[in-house]
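For reference, structure_19.txt (compact mmCIF, C-alpha atoms (C1' of nucleotides)):
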# COMPACT_ATOMS: atom_id res chain seq x y z
CA MET A 1 70.08 6.97 -51.12
CA ALA A 2 70.55 3.64 -52.75
CA LEU A 3 74.07 2.36 -52.91
CA ARG A 4 75.70 2.15 -56.28
CA ASN A 5 76.22 -1.45 -57.10
CA ARG A 6 79.94 -1.82 -57.40
CA SER A 7 79.92 -5.40 -58.64
CA LYS A 8 77.78 -4.25 -61.52
CA PHE A 9 80.37 -1.84 -62.83
CA ALA A 10 83.27 -4.10 -62.01
CA ILE A 11 81.77 -6.83 -64.17
CA LEU A 12 80.75 -4.42 -66.90
CA GLY A 13 84.23 -2.95 -66.96
CA ILE A 14 85.95 -6.31 -67.14
CA LEU A 15 83.75 -7.36 -70.05
CA ASN A 16 84.55 -4.06 -71.70
CA ILE A 17 88.26 -4.88 -71.63
CA ALA A 18 87.70 -8.34 -73.05
CA PRO A 19 84.45 -10.21 -73.82
CA GLY A 20 84.16 -13.42 -71.86
CA SER A 21 82.15 -15.75 -69.66
CA GLY A 22 81.36 -15.68 -65.96
CA TYR A 23 84.16 -18.11 -65.46
CA ASP A 24 86.57 -15.85 -67.31
CA ILE A 25 85.56 -12.91 -65.14
CA LYS A 26 86.29 -14.89 -62.00
CA LYS A 27 89.67 -15.90 -63.41
CA TYR A 28 90.50 -12.32 -64.25
CA CYS A 29 89.67 -11.20 -60.73
CA ASP A 30 91.69 -13.98 -59.15
CA THR A 31 94.78 -13.28 -61.22
CA VAL A 32 95.29 -10.03 -63.11
CA ILE A 33 93.42 -7.75 -60.73
CA SER A 34 93.59 -9.78 -57.53
CA ASN A 35 95.44 -6.89 -55.90
CA ILE A 36 92.59 -4.46 -56.43
CA TRP A 37 89.33 -6.37 -56.79
CA SER A 38 87.52 -9.62 -56.04
CA GLU A 39 84.26 -11.16 -57.13
CA ASN A 40 82.64 -14.51 -56.47
CA TYR A 41 80.24 -16.63 -58.50
CA GLY A 42 77.34 -15.77 -56.27
CA HIS A 43 77.62 -12.27 -57.63
CA ILE A 44 78.82 -12.85 -61.13
CA TYR A 45 76.18 -15.13 -62.63
CA PRO A 46 73.08 -13.36 -61.35
CA MET A 47 74.65 -10.04 -62.33
CA LEU A 48 75.36 -11.23 -65.87
CA LYS A 49 71.65 -12.07 -66.27
CA SER A 50 70.64 -8.75 -64.92
CA LEU A 51 73.10 -6.79 -67.04
CA GLU A 52 71.81 -8.62 -70.10
CA LYS A 53 68.22 -7.82 -69.17
CA GLU A 54 69.17 -4.17 -68.82
CA GLY A 55 70.75 -4.26 -72.25
CA LEU A 56 74.20 -3.34 -71.01
CA ILE A 57 75.79 -6.56 -72.22
CA GLU A 58 74.85 -9.14 -74.87
CA GLN A 59 75.76 -12.70 -75.68
CA VAL A 60 78.38 -13.23 -78.33
CA SER A 61 77.05 -15.68 -80.92
CA GLN A 62 79.21 -18.70 -80.29
CA GLU A 63 79.94 -21.51 -82.70
CA ASN A 64 83.18 -22.97 -81.51
CA ALA A 65 82.88 -22.96 -77.71
CA GLY A 66 80.85 -25.65 -75.97
CA ARG A 67 78.55 -24.55 -73.21
CA LYS A 68 80.51 -21.43 -72.57
CA ILE A 69 78.35 -18.31 -72.66
CA GLN A 70 80.36 -15.31 -73.74
CA TYR A 71 79.23 -11.77 -73.19
CA ARG A 72 80.37 -8.40 -74.46
CA THR A 73 79.36 -4.85 -73.63
CA THR A 74 76.76 -3.12 -75.79
CA GLN A 75 76.90 0.51 -76.82
CA THR A 76 74.55 1.41 -73.97
CA GLY A 77 76.74 -0.61 -71.61
CA LYS A 78 79.82 1.29 -72.70
CA GLU A 79 78.06 4.56 -72.10
CA GLU A 80 76.86 3.60 -68.63
CA LEU A 81 80.34 2.45 -67.78
CA MET A 82 81.87 5.73 -68.92
CA SER A 83 79.43 7.72 -66.86
CA TRP A 84 80.31 5.65 -63.78
CA LEU A 85 84.01 6.19 -64.45
CA CYS A 86 83.48 9.93 -64.39
CA GLU A 87 81.65 9.93 -61.06
CA GLU A 88 83.77 10.81 -58.09
CA THR A 89 84.80 7.88 -55.93
CA LEU A 90 83.71 8.23 -52.33
CA SER A 91 86.31 7.01 -49.93
CA GLN A 92 85.40 3.60 -48.67
CA PRO A 93 85.34 2.47 -45.04
CA ILE A 94 88.56 0.79 -44.07
CA ARG A 95 88.74 -2.48 -42.20
CA SER A 96 92.04 -4.08 -41.48
CA GLU A 97 91.63 -7.06 -39.24
CA PHE A 98 95.35 -7.41 -38.77
CA MET A 99 95.80 -3.84 -37.59
CA LEU A 100 92.87 -4.18 -35.22
CA LYS A 101 94.31 -7.33 -33.67
CA PHE A 102 97.66 -5.69 -33.40
CA LEU A 103 96.18 -2.68 -31.64
CA PHE A 104 94.33 -4.88 -29.19
CA SER A 105 97.31 -6.99 -28.26
CA ASN A 106 98.89 -4.65 -25.75
CA ASN A 107 97.84 -6.98 -22.96
CA LEU A 108 99.83 -9.82 -24.43
CA PRO A 109 103.61 -10.02 -24.10
CA LYS A 110 105.62 -7.98 -26.57
CA GLU A 111 107.04 -11.12 -28.18
CA ASN A 112 103.53 -11.81 -29.33
CA GLY A 113 103.42 -8.50 -31.21
CA ILE A 114 106.77 -9.25 -32.75
CA ARG A 115 105.58 -12.66 -33.90
CA MET A 116 102.47 -11.11 -35.46
CA LEU A 117 104.65 -8.63 -37.32
CA THR A 118 106.98 -11.36 -38.53
CA GLU A 119 104.16 -13.51 -39.86
CA TYR A 120 102.46 -10.58 -41.51
CA ARG A 121 105.69 -9.42 -43.09
CA GLU A 122 106.19 -12.83 -44.61
CA GLN A 123 102.65 -12.85 -46.05
CA GLN A 124 103.31 -9.46 -47.60
CA ARG A 125 106.68 -10.54 -48.96
CA VAL A 126 105.16 -13.48 -50.79
CA LYS A 127 102.53 -11.25 -52.37
CA LEU A 128 105.13 -8.67 -53.29
CA ASP A 129 107.22 -11.32 -55.01
CA GLY A 130 104.19 -12.18 -57.08
CA TYR A 131 103.77 -8.56 -58.11
CA TYR A 132 107.41 -8.30 -59.08
CA SER A 133 107.14 -11.26 -61.41
CA MET A 134 103.91 -9.95 -62.91
CA MET A 135 105.70 -6.71 -63.61
CA ASN A 136 108.53 -8.60 -65.27
CA GLU A 137 106.09 -10.45 -67.45
CA LEU A 138 104.35 -7.21 -68.39
CA GLU A 139 107.67 -5.59 -69.24
CA SER A 140 108.89 -8.43 -71.38
CA GLY A 141 105.75 -7.70 -73.36
CA ILE A 142 104.70 -11.27 -74.08
CA LYS A 143 101.00 -10.54 -73.75
CA GLU A 144 98.83 -9.19 -76.51
CA ILE A 145 97.97 -5.97 -74.73
CA SER A 146 97.77 -2.59 -76.39
CA GLU A 147 100.43 -0.12 -75.31
CA GLU A 148 97.73 2.15 -73.97
CA ARG A 149 96.16 -0.56 -71.80
CA GLU A 150 99.57 -1.67 -70.65
CA MET A 151 100.23 1.78 -69.26
CA TYR A 152 97.22 1.50 -66.94
CA LEU A 153 97.91 -2.08 -65.96
CA ARG A 154 101.47 -1.16 -65.14
CA ALA A 155 100.34 1.75 -62.98
CA VAL A 156 98.01 -0.52 -61.03
CA LEU A 157 100.72 -3.09 -60.53
CA ARG A 158 103.15 -0.40 -59.49
CA ARG A 159 100.64 0.68 -56.88
CA ALA A 160 100.53 -2.84 -55.46
CA ILE A 161 104.32 -2.94 -55.33
CA LEU A 162 104.71 0.41 -53.59
CA SER A 163 102.01 -0.51 -51.15
CA GLY A 164 103.62 -3.86 -50.35
CA GLU A 165 107.04 -2.27 -49.94
CA SER A 166 105.61 0.31 -47.60
CA MET A 167 103.97 -2.38 -45.50
CA ILE A 168 107.21 -4.30 -45.20
CA GLU A 169 109.02 -1.12 -44.25
CA TRP A 170 106.47 -0.59 -41.49
CA CYS A 171 106.80 -4.16 -40.23
CA ASP A 172 110.58 -3.81 -40.02
CA GLU A 173 110.50 -0.41 -38.39
CA THR A 174 107.90 -1.50 -35.84
CA THR A 175 109.71 -4.73 -35.04
CA GLU A 176 112.84 -2.70 -34.34
CA ILE A 177 110.97 -0.44 -31.94
CA PHE A 178 109.39 -3.41 -30.17
CA ARG A 179 112.75 -5.16 -29.79
CA LYS A 180 114.35 -2.24 -27.97
CA MET B 1 82.49 -23.11 -42.34
CA ALA B 2 80.82 -20.23 -40.64
CA LEU B 3 82.54 -16.89 -40.91
CA ARG B 4 84.08 -15.45 -37.80
CA ASN B 5 82.15 -12.41 -36.86
CA ARG B 6 84.62 -9.59 -37.05
CA SER B 7 82.37 -6.92 -35.60
CA LYS B 8 81.99 -9.08 -32.54
CA PHE B 9 85.67 -9.01 -31.73
CA ALA B 10 86.12 -5.44 -32.79
CA ILE B 11 83.47 -4.35 -30.29
CA LEU B 12 84.74 -6.67 -27.60
CA GLY B 13 88.26 -5.38 -28.12
CA ILE B 14 87.25 -1.74 -27.96
CA LEU B 15 85.34 -2.31 -24.72
CA ASN B 16 88.38 -4.09 -23.37
CA ILE B 17 90.49 -0.99 -23.90
CA ALA B 18 87.93 1.23 -22.23
CA PRO B 19 84.43 0.43 -20.92
CA GLY B 20 81.76 2.49 -22.64
CA SER B 21 78.42 2.73 -24.41
CA GLY B 22 77.40 1.95 -27.98
CA TYR B 23 77.72 5.60 -28.71
CA ASP B 24 81.25 5.67 -27.32
CA ILE B 25 82.21 2.73 -29.50
CA LYS B 26 80.97 4.51 -32.59
CA LYS B 27 82.92 7.61 -31.63
CA TYR B 28 86.05 5.62 -31.09
CA CYS B 29 85.74 4.05 -34.53
CA ASP B 30 85.10 7.39 -36.22
CA THR B 31 88.07 9.10 -34.61
CA VAL B 32 90.90 7.15 -33.01
CA ILE B 33 90.79 4.08 -35.22
CA SER B 34 89.09 5.51 -38.31
CA ASN B 35 92.15 4.59 -40.33
CA ILE B 36 91.82 0.90 -39.56
CA TRP B 37 88.24 0.09 -38.64
CA SER B 38 84.62 1.19 -38.96
CA GLU B 39 81.36 0.16 -37.36
CA ASN B 40 77.82 1.48 -37.62
CA TYR B 41 74.93 1.51 -35.17
CA GLY B 42 73.13 -1.21 -37.05
CA HIS B 43 75.89 -3.50 -35.93
CA ILE B 44 76.84 -2.09 -32.59
CA TYR B 45 73.58 -2.13 -30.63
CA PRO B 46 72.38 -5.59 -31.57
CA MET B 47 75.90 -6.92 -31.01
CA LEU B 48 76.08 -5.40 -27.52
CA LYS B 49 72.88 -7.27 -26.60
CA SER B 50 74.24 -10.47 -27.99
CA LEU B 51 77.63 -10.12 -26.32
CA GLU B 52 75.88 -9.51 -23.02
CA LYS B 53 73.69 -12.58 -23.50
CA GLU B 54 76.82 -14.61 -24.20
CA GLY B 55 78.36 -13.31 -21.00
CA LEU B 56 81.32 -11.70 -22.72
CA ILE B 57 80.42 -8.22 -21.55
CA GLU B 58 78.35 -6.84 -18.67
CA GLN B 59 76.70 -3.57 -17.78
CA VAL B 60 78.57 -1.26 -15.49
CA SER B 61 76.31 -0.27 -12.63
CA GLN B 62 75.73 3.38 -13.35
CA GLU B 63 74.70 6.06 -10.92
CA ASN B 64 75.92 9.27 -12.43
CA ALA B 65 75.19 8.91 -16.16
CA GLY B 66 71.65 9.44 -17.46
CA ARG B 67 70.36 6.97 -19.96
CA LYS B 68 73.81 5.92 -20.98
CA ILE B 69 74.36 2.17 -20.80
CA GLN B 70 77.98 1.39 -20.18
CA TYR B 71 79.50 -2.01 -20.76
CA ARG B 72 82.80 -3.64 -19.85
CA THR B 73 84.36 -6.96 -20.74
CA THR B 74 83.95 -9.88 -18.35
CA GLN B 75 86.68 -12.39 -17.57
CA THR B 76 85.20 -14.78 -20.12
CA GLY B 77 85.10 -11.95 -22.62
CA LYS B 78 88.76 -11.17 -22.07
CA GLU B 79 89.62 -14.80 -22.60
CA GLU B 80 87.64 -15.08 -25.83
CA LEU B 81 89.26 -11.92 -27.06
CA MET B 82 92.75 -13.22 -26.34
CA SER B 83 92.05 -16.44 -28.16
CA TRP B 84 90.85 -14.47 -31.20
CA LEU B 85 93.98 -12.32 -31.08
CA CYS B 86 96.14 -15.40 -31.28
CA GLU B 87 94.34 -16.81 -34.29
CA GLU B 88 96.07 -16.20 -37.57
CA THR B 89 94.52 -13.45 -39.67
CA LEU B 90 93.48 -14.66 -43.09
CA SER B 91 94.21 -12.14 -45.78
CA GLN B 92 91.05 -10.30 -46.71
CA PRO B 93 89.74 -9.74 -50.23
CA ILE B 94 90.80 -6.36 -51.54
CA ARG B 95 88.43 -3.94 -53.23
CA SER B 96 89.64 -0.56 -54.30
CA GLU B 97 87.00 1.22 -56.31
CA PHE B 98 89.38 3.98 -57.27
CA MET B 99 91.97 1.61 -58.71
CA LEU B 100 89.30 -0.27 -60.60
CA LYS B 101 87.98 2.91 -62.18
CA PHE B 102 91.46 4.00 -63.00
CA LEU B 103 92.24 0.68 -64.68
CA PHE B 104 89.07 0.89 -66.74
CA SER B 105 89.64 4.41 -67.97
CA ASN B 106 92.02 3.66 -70.77
CA ASN B 107 89.29 4.46 -73.27
CA LEU B 108 89.00 7.99 -71.95
CA PRO B 109 91.51 10.70 -72.78
CA LYS B 110 94.70 10.71 -70.73
CA GLU B 111 93.79 14.05 -69.17
CA ASN B 112 90.95 12.24 -67.49
CA GLY B 113 93.37 9.84 -65.82
CA ILE B 114 95.49 12.76 -64.71
CA ARG B 115 92.47 14.49 -63.23
CA MET B 116 91.51 11.35 -61.33
CA LEU B 117 95.01 11.14 -59.93
CA THR B 118 94.99 14.79 -58.89
CA GLU B 119 91.69 14.50 -57.07
CA TYR B 120 92.69 11.29 -55.37
CA ARG B 121 96.02 12.74 -54.32
CA GLU B 122 94.25 15.64 -52.69
CA GLN B 123 91.88 13.31 -50.80
CA GLN B 124 94.88 11.40 -49.50
CA ARG B 125 96.77 14.56 -48.58
CA VAL B 126 93.92 15.75 -46.40
CA LYS B 127 93.76 12.41 -44.60
CA LEU B 128 97.51 12.35 -44.18
CA ASP B 129 97.46 15.80 -42.62
CA GLY B 130 94.96 14.49 -40.11
CA TYR B 131 97.27 11.62 -39.23
CA TYR B 132 100.21 13.95 -38.79
CA SER B 133 98.33 16.07 -36.28
CA MET B 134 97.08 13.00 -34.42
CA MET B 135 100.68 11.89 -34.15
CA ASN B 136 101.66 15.28 -32.80
CA GLU B 137 98.95 15.07 -30.20
CA LEU B 138 100.04 11.60 -29.20
CA GLU B 139 103.63 12.70 -28.91
CA SER B 140 102.86 15.72 -26.80
CA GLY B 141 101.37 13.14 -24.46
CA ILE B 142 98.29 15.04 -23.41
CA LYS B 143 96.08 11.99 -23.28
CA GLU B 144 95.83 9.70 -20.32
CA ILE B 145 97.16 6.67 -22.13
CA SER B 146 99.54 4.15 -20.63
CA GLU B 147 102.98 4.08 -22.22
CA GLU B 148 102.41 0.52 -23.31
CA ARG B 149 99.15 1.31 -25.08
CA GLU B 150 100.69 4.38 -26.63
CA MET B 151 103.30 2.24 -28.30
CA TYR B 152 100.64 0.27 -30.13
CA LEU B 153 98.57 3.31 -31.00
CA ARG B 154 101.63 5.03 -32.34
CA ALA B 155 102.50 2.01 -34.49
CA VAL B 156 99.01 1.96 -35.98
CA LEU B 157 99.14 5.69 -36.72
CA ARG B 158 102.57 5.32 -38.21
CA ARG B 159 101.16 2.67 -40.52
CA ALA B 160 98.49 5.09 -41.73
CA ILE B 161 101.12 7.74 -42.37
CA LEU B 162 103.44 5.47 -44.30
CA SER B 163 100.53 4.17 -46.30
CA GLY B 164 99.32 7.67 -47.16
CA GLU B 165 102.78 8.81 -48.11
CA SER B 166 103.21 5.82 -50.36
CA MET B 167 99.90 6.57 -52.06
CA ILE B 168 100.87 10.16 -52.71
CA GLU B 169 104.21 9.02 -54.06
CA TRP B 170 102.38 6.74 -56.48
CA CYS B 171 100.02 9.50 -57.58
CA ASP B 172 102.93 11.81 -58.33
CA GLU B 173 104.96 9.18 -60.10
CA THR B 174 102.02 8.07 -62.22
CA THR B 175 101.00 11.61 -63.07
CA GLU B 176 104.54 12.22 -64.31
CA ILE B 177 104.41 9.16 -66.56
CA PHE B 178 101.00 10.16 -67.91
CA ARG B 179 102.17 13.69 -68.68
CA LYS B 180 105.05 12.55 -70.84
C1' DG C 1 63.89 29.04 -26.57
C1' DG C 2 66.40 26.95 -30.07
C1' DT C 3 70.21 24.29 -31.79
C1' DT C 4 73.56 20.91 -31.34
C1' DT C 5 75.24 16.84 -29.47
C1' DC C 6 74.32 12.73 -26.79
C1' DA C 7 72.13 8.37 -26.88
C1' DT C 8 69.58 4.08 -28.06
C1' DG C 9 67.39 1.49 -31.19
C1' DT C 10 65.37 -0.94 -35.47
C1' DA C 11 63.34 -1.97 -40.18
C1' DA C 12 64.39 -2.18 -44.71
C1' DC C 13 67.48 -2.78 -47.79
C1' DA C 14 71.97 -4.00 -50.06
C1' DT C 15 75.88 -6.63 -50.47
C1' DG C 16 79.03 -10.56 -49.89
C1' DT C 17 80.37 -15.58 -49.20
C1' DT C 18 80.10 -20.50 -49.01
C1' DA C 19 78.89 -24.84 -50.13
C1' DC C 20 76.96 -27.65 -53.01
C1' DA C 21 74.80 -29.55 -57.40
C1' DT C 22 75.60 -30.75 -62.04
C1' DG C 23 77.87 -32.09 -65.90
C1' DA C 24 81.13 -31.19 -69.97
C1' DT C 25 85.81 -31.19 -71.57
C1' DT C 26 90.70 -31.92 -71.45
C1' DC C 27 94.68 -34.07 -70.00
C1' DT C 28 97.46 -38.22 -68.69
C1' DA D 1 89.24 -44.86 -67.56
C1' DG D 2 90.21 -41.56 -64.04
C1' DA D 3 91.59 -37.03 -62.51
C1' DA D 4 91.77 -32.27 -63.08
C1' DT D 5 89.86 -28.32 -64.75
C1' DC D 6 86.23 -25.86 -67.14
C1' DA D 7 81.72 -24.01 -66.62
C1' DT D 8 77.16 -22.52 -64.95
C1' DG D 9 74.20 -21.92 -61.41
C1' DT D 10 71.67 -21.25 -56.81
C1' DA D 11 70.13 -21.63 -51.83
C1' DA D 12 71.35 -20.56 -47.46
C1' DC D 13 73.60 -17.86 -44.79
C1' DA D 14 76.35 -13.81 -43.09
C1' DT D 15 77.46 -9.22 -43.08
C1' DG D 16 77.02 -4.22 -43.87
C1' DT D 17 74.51 0.33 -44.47
C1' DT D 18 70.98 3.79 -44.34
C1' DA D 19 67.32 6.22 -42.84
C1' DC D 20 64.40 7.13 -39.58
C1' DA D 21 62.13 7.38 -34.83
C1' DT D 22 62.58 9.04 -30.28
C1' DG D 23 63.85 11.88 -26.72
C1' DA D 24 67.30 13.66 -23.09
C1' DA D 25 71.00 16.79 -21.94
C1' DA D 26 74.16 20.46 -22.91
C1' DC D 27 75.21 24.68 -24.86
C1' DC D 28 74.47 29.48 -26.39
Using structure tokens, write down the structure from this file.
Amino acid sequence: MALRNRSKFAILGILNIAPGSGYDIKKYCDTVISNIWSENYGHIYPMLKSLEKEGLIEQVSQENAGRKIQYRTTQTGKEELMSWLCEETLSQPIRSEFMLKFLFSNNLPKENGIRMLTEYREQQRVKLDGYYSMMNELESGIKEISEEREMYLRAVLRRAILSGESMIEWCDETTEIFRK
Amino acid sequence: MALRNRSKFAILGILNIAPGSGYDIKKYCDTVISNIWSENYGHIYPMLKSLEKEGLIEQVSQENAGRKIQYRTTQTGKEELMSWLCEETLSQPIRSEFMLKFLFSNNLPKENGIRMLTEYREQQRVKLDGYYSMMNELESGIKEISEEREMYLRAVLRRAILSGESMIEWCDETTEIFRK
DNA sequence: GGTTTCATGTAACATGTTACATGATTCT
DNA sequence: AGAATCATGTAACATGTTACATGAAACC
């Protein structure tokens, strides 16, 4: 069975939220949804061509913008997107390099494990701080987002926060155990 | 800069815990460490050849086993592994198809979101149950694992449990909000 | 004797990432 | 004018997944 192309629907979905260029899509991934998705140019630009060829997106007739090529979803594109949304999501294979390293490090002195935990905790803390401020921004309601969309965005952010908090909890708990 | 081959060290690390065949490695990934890592045959067998060629692993002279080719890490292999363990782990790009779908589904009726959450919660619950029983097994100490190794295994399992619990918490919380 | 599990392997395909090329526009 | 950022694009490379082929050994 052929794999469903996930980048395809990611890009289609992002354009469905707000029409934009390849560059805009990259920006969106690197900021707003960096905690749940990533794309790179090597995927984005060829995919935009192919989505256009398939008739799922179309160029927005631009007058103002310079070279910028803006796309938006077509009716067909919206329909394909909806049908993907309703498909069940198969659970994806998990790969956590940190956890793997940690598991393997039982031959090294315990202090080494503790150092790994400390560094990792700090990485997580920094990310978590970022999520907290995003949540603040969202809640102060500066952005021009519909209430309905905000609800979903907030849920996704909340997920990132809970997940980060849980990771920090684990780091602390495990460090404690290792110190004893 | 060339990417560091993660499968390489995963396989090397697994063989360092316990010598075994390609088949054994796959088993180990699918059971013990399924919550943190996955490998498939397409990676494992060619990588075993290449690790052997590099001198990082060697075949265990077998007498008993049939066709089974068992490998173990060499001294050089152990050293390379240790040096990888001490390298800092760069944070990996995140891709959660479920979250992406959820974020995109603001055009669908709210009930749809609630259904997604319910299904996802159930998926997580089943996994979590599996982790709980693994933890029980570990704690009853049936397996022939050194105390030191057990400590690391337990930490990794504990991580999976906390992570699952946090996910379920989020599902419940979000469902509540969506019901209002 | 048949079914399941063990066991190794690979070809074809699908996806993901980096590094670079190119040049316009905006900011200072 | 020079630097930073915007913007599009691709070639080369790296990684990941599936489906199938093959057959031995264990189990029932």
Among listed residues D:DG23, D:DT18, D:DA3, D:DA12, nearest chain A (using all atoms listed in the file): D:DT18
Shell of 10 Å around region 15-22 of chain C, only C-alpha atoms (C1' of nucleotides), local chain residues under 3 positions omitted, as an mmCIF file with C-alpha atoms (C1' of nucleotides), in the coordinates of the input:
data_model
loop_
_atom_site.group_PDB
_atom_site.id
_atom_site.type_symbol
_atom_site.label_atom_id
_atom_site.label_comp_id
_atom_site.auth_asym_id
_atom_site.auth_seq_id
_atom_site.Cartn_x
_atom_site.Cartn_y
_atom_site.Cartn_z
ATOM 1 C CA LEU A 3 74.070 2.360 -52.910
ATOM 2 C CA ASN A 5 76.220 -1.450 -57.100
ATOM 3 C CA ARG A 6 79.940 -1.820 -57.400
ATOM 4 C CA SER A 7 79.920 -5.400 -58.640
ATOM 5 C CA GLU A 39 84.260 -11.160 -57.130
ATOM 6 C CA ASN A 40 82.640 -14.510 -56.470
ATOM 7 C CA TYR A 41 80.240 -16.630 -58.500
ATOM 8 C CA GLY A 42 77.340 -15.770 -56.270
ATOM 9 C CA HIS A 43 77.620 -12.270 -57.630
ATOM 10 C CA MET B 1 82.490 -23.110 -42.340
ATOM 11 C CA ALA B 2 80.820 -20.230 -40.640
ATOM 12 C CA LEU B 3 82.540 -16.890 -40.910
ATOM 13 C "C1'" DT D 8 77.160 -22.520 -64.950
ATOM 14 C "C1'" DG D 9 74.200 -21.920 -61.410
ATOM 15 C "C1'" DT D 10 71.670 -21.250 -56.810
ATOM 16 C "C1'" DA D 11 70.130 -21.630 -51.830
ATOM 17 C "C1'" DA D 12 71.350 -20.560 -47.460
ATOM 18 C "C1'" DC D 13 73.600 -17.860 -44.790
ATOM 19 C "C1'" DA D 14 76.350 -13.810 -43.090
ATOM 20 C "C1'" DT D 15 77.460 -9.220 -43.080
ATOM 21 C "C1'" DG D 16 77.020 -4.220 -43.870
ATOM 22 C "C1'" DT D 17 74.510 0.330 -44.470
#
Spatial neighbours of DA24 (chain C), max dist 8 Å, all atoms listed in the file, sep filter under 6 positions, as a ChimeraX atom specification: /A:67 /D:6-7
d(CA of Arg95 (chain A), CA of Glu80 (chain B)) in Å: 20.7 Å
Length of the CA of Leu153 (chain A) to CA of Lys78 (chain A) vector [Å]: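 CA of Leu153 (chain A) sits 19.6 Å away from CA of Lys78 (chain A).
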10 Å contact set for region 4-6 of chain C, only C-alpha atoms (C1' of nucleotides), chain neighbours under 2 positions out, as a VMD selection string: (chain B and resid 23 to 24 67 to 68) or (chain C and resid 2 8) or (chain D and resid 24 to 28)
Answer as number ranges by chain, residues within 8 Å of (67.6, 5.7, -37.3) using only C-alpha atoms (C1' of nucleotides): C: 9-10; D: 19-21
Residue among C:DC27, C:DA12, C:DG1, C:DA7 lying closest to chain B, counting only C-alpha atoms (C1' of nucleotides): C:DA7
Chain A contacts on chain B, all atoms listed in the file, 8 Å, as an MDAnalysis selection string: chainID B and resid 6 10 13:14 17 34:38 82 85 89 93:106 148:149 152:153 155:156 158:159 162:163 166:167 170 174
Residue with smallest distance to chain D - pool A:Ser21, A:Ser146, A:Gln59, A:Thr73, counting all atoms listed in the file: A:Ser21
Coordinates-based distance that separates CA of Thr76 (chain A) from CA of Tyr45 (chain A) (Å, one decimal):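 Between CA of Tyr45 (chain A) and CA of Thr76 (chain A) the gap works out to 20.1 Å.
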Selection as a PyMOL selection string: residues within 10 Å of (106.4, -7.4, -58.7), counting only C-alpha atoms (C1' of nucleotides): chain A and resi 127-138+157-158+160-162+164
Produce a file of the selected residues containing C-alpha atoms, as a PDB file, keeping the file's coordinate frame.
ATOM      1  CA  LYS A 127     102.530 -11.250 -52.370  1.00  0.00           C
ATOM      2  CA  LEU A 128     105.130  -8.670 -53.290  1.00  0.00           C
ATOM      3  CA  ASP A 129     107.220 -11.320 -55.010  1.00  0.00           C
ATOM      4  CA  GLY A 130     104.190 -12.180 -57.080  1.00  0.00           C
ATOM      5  CA  TYR A 131     103.770  -8.560 -58.110  1.00  0.00           C
ATOM      6  CA  TYR A 132     107.410  -8.300 -59.080  1.00  0.00           C
ATOM      7  CA  SER A 133     107.140 -11.260 -61.410  1.00  0.00           C
ATOM      8  CA  MET A 134     103.910  -9.950 -62.910  1.00  0.00           C
ATOM      9  CA  MET A 135     105.700  -6.710 -63.610  1.00  0.00           C
ATOM     10  CA  ASN A 136     108.530  -8.600 -65.270  1.00  0.00           C
ATOM     11  CA  GLU A 137     106.090 -10.450 -67.450  1.00  0.00           C
ATOM     12  CA  LEU A 138     104.350  -7.210 -68.390  1.00  0.00           C
ATOM     13  CA  LEU A 157     100.720  -3.090 -60.530  1.00  0.00           C
ATOM     14  CA  ARG A 158     103.150  -0.400 -59.490  1.00  0.00           C
ATOM     15  CA  ALA A 160     100.530  -2.840 -55.460  1.00  0.00           C
ATOM     16  CA  ILE A 161     104.320  -2.940 -55.330  1.00  0.00           C
ATOM     17  CA  LEU A 162     104.710   0.410 -53.590  1.00  0.00           C
ATOM     18  CA  GLY A 164     103.620  -3.860 -50.350  1.00  0.00           C
TER      19      GLY A 164
END
Kindly provide, as AutoDock Vina command-line options, the centre and edge lengths (Å, one decimal) of an axis-aligned box around all atoms of region 15-22 of chain C given in the file, with 3 Å on each side.
--center_x 77.6 --center_y -18.7 --center_z -55.5 --size_x 11.6 --size_y 30.1 --size_z 19.0
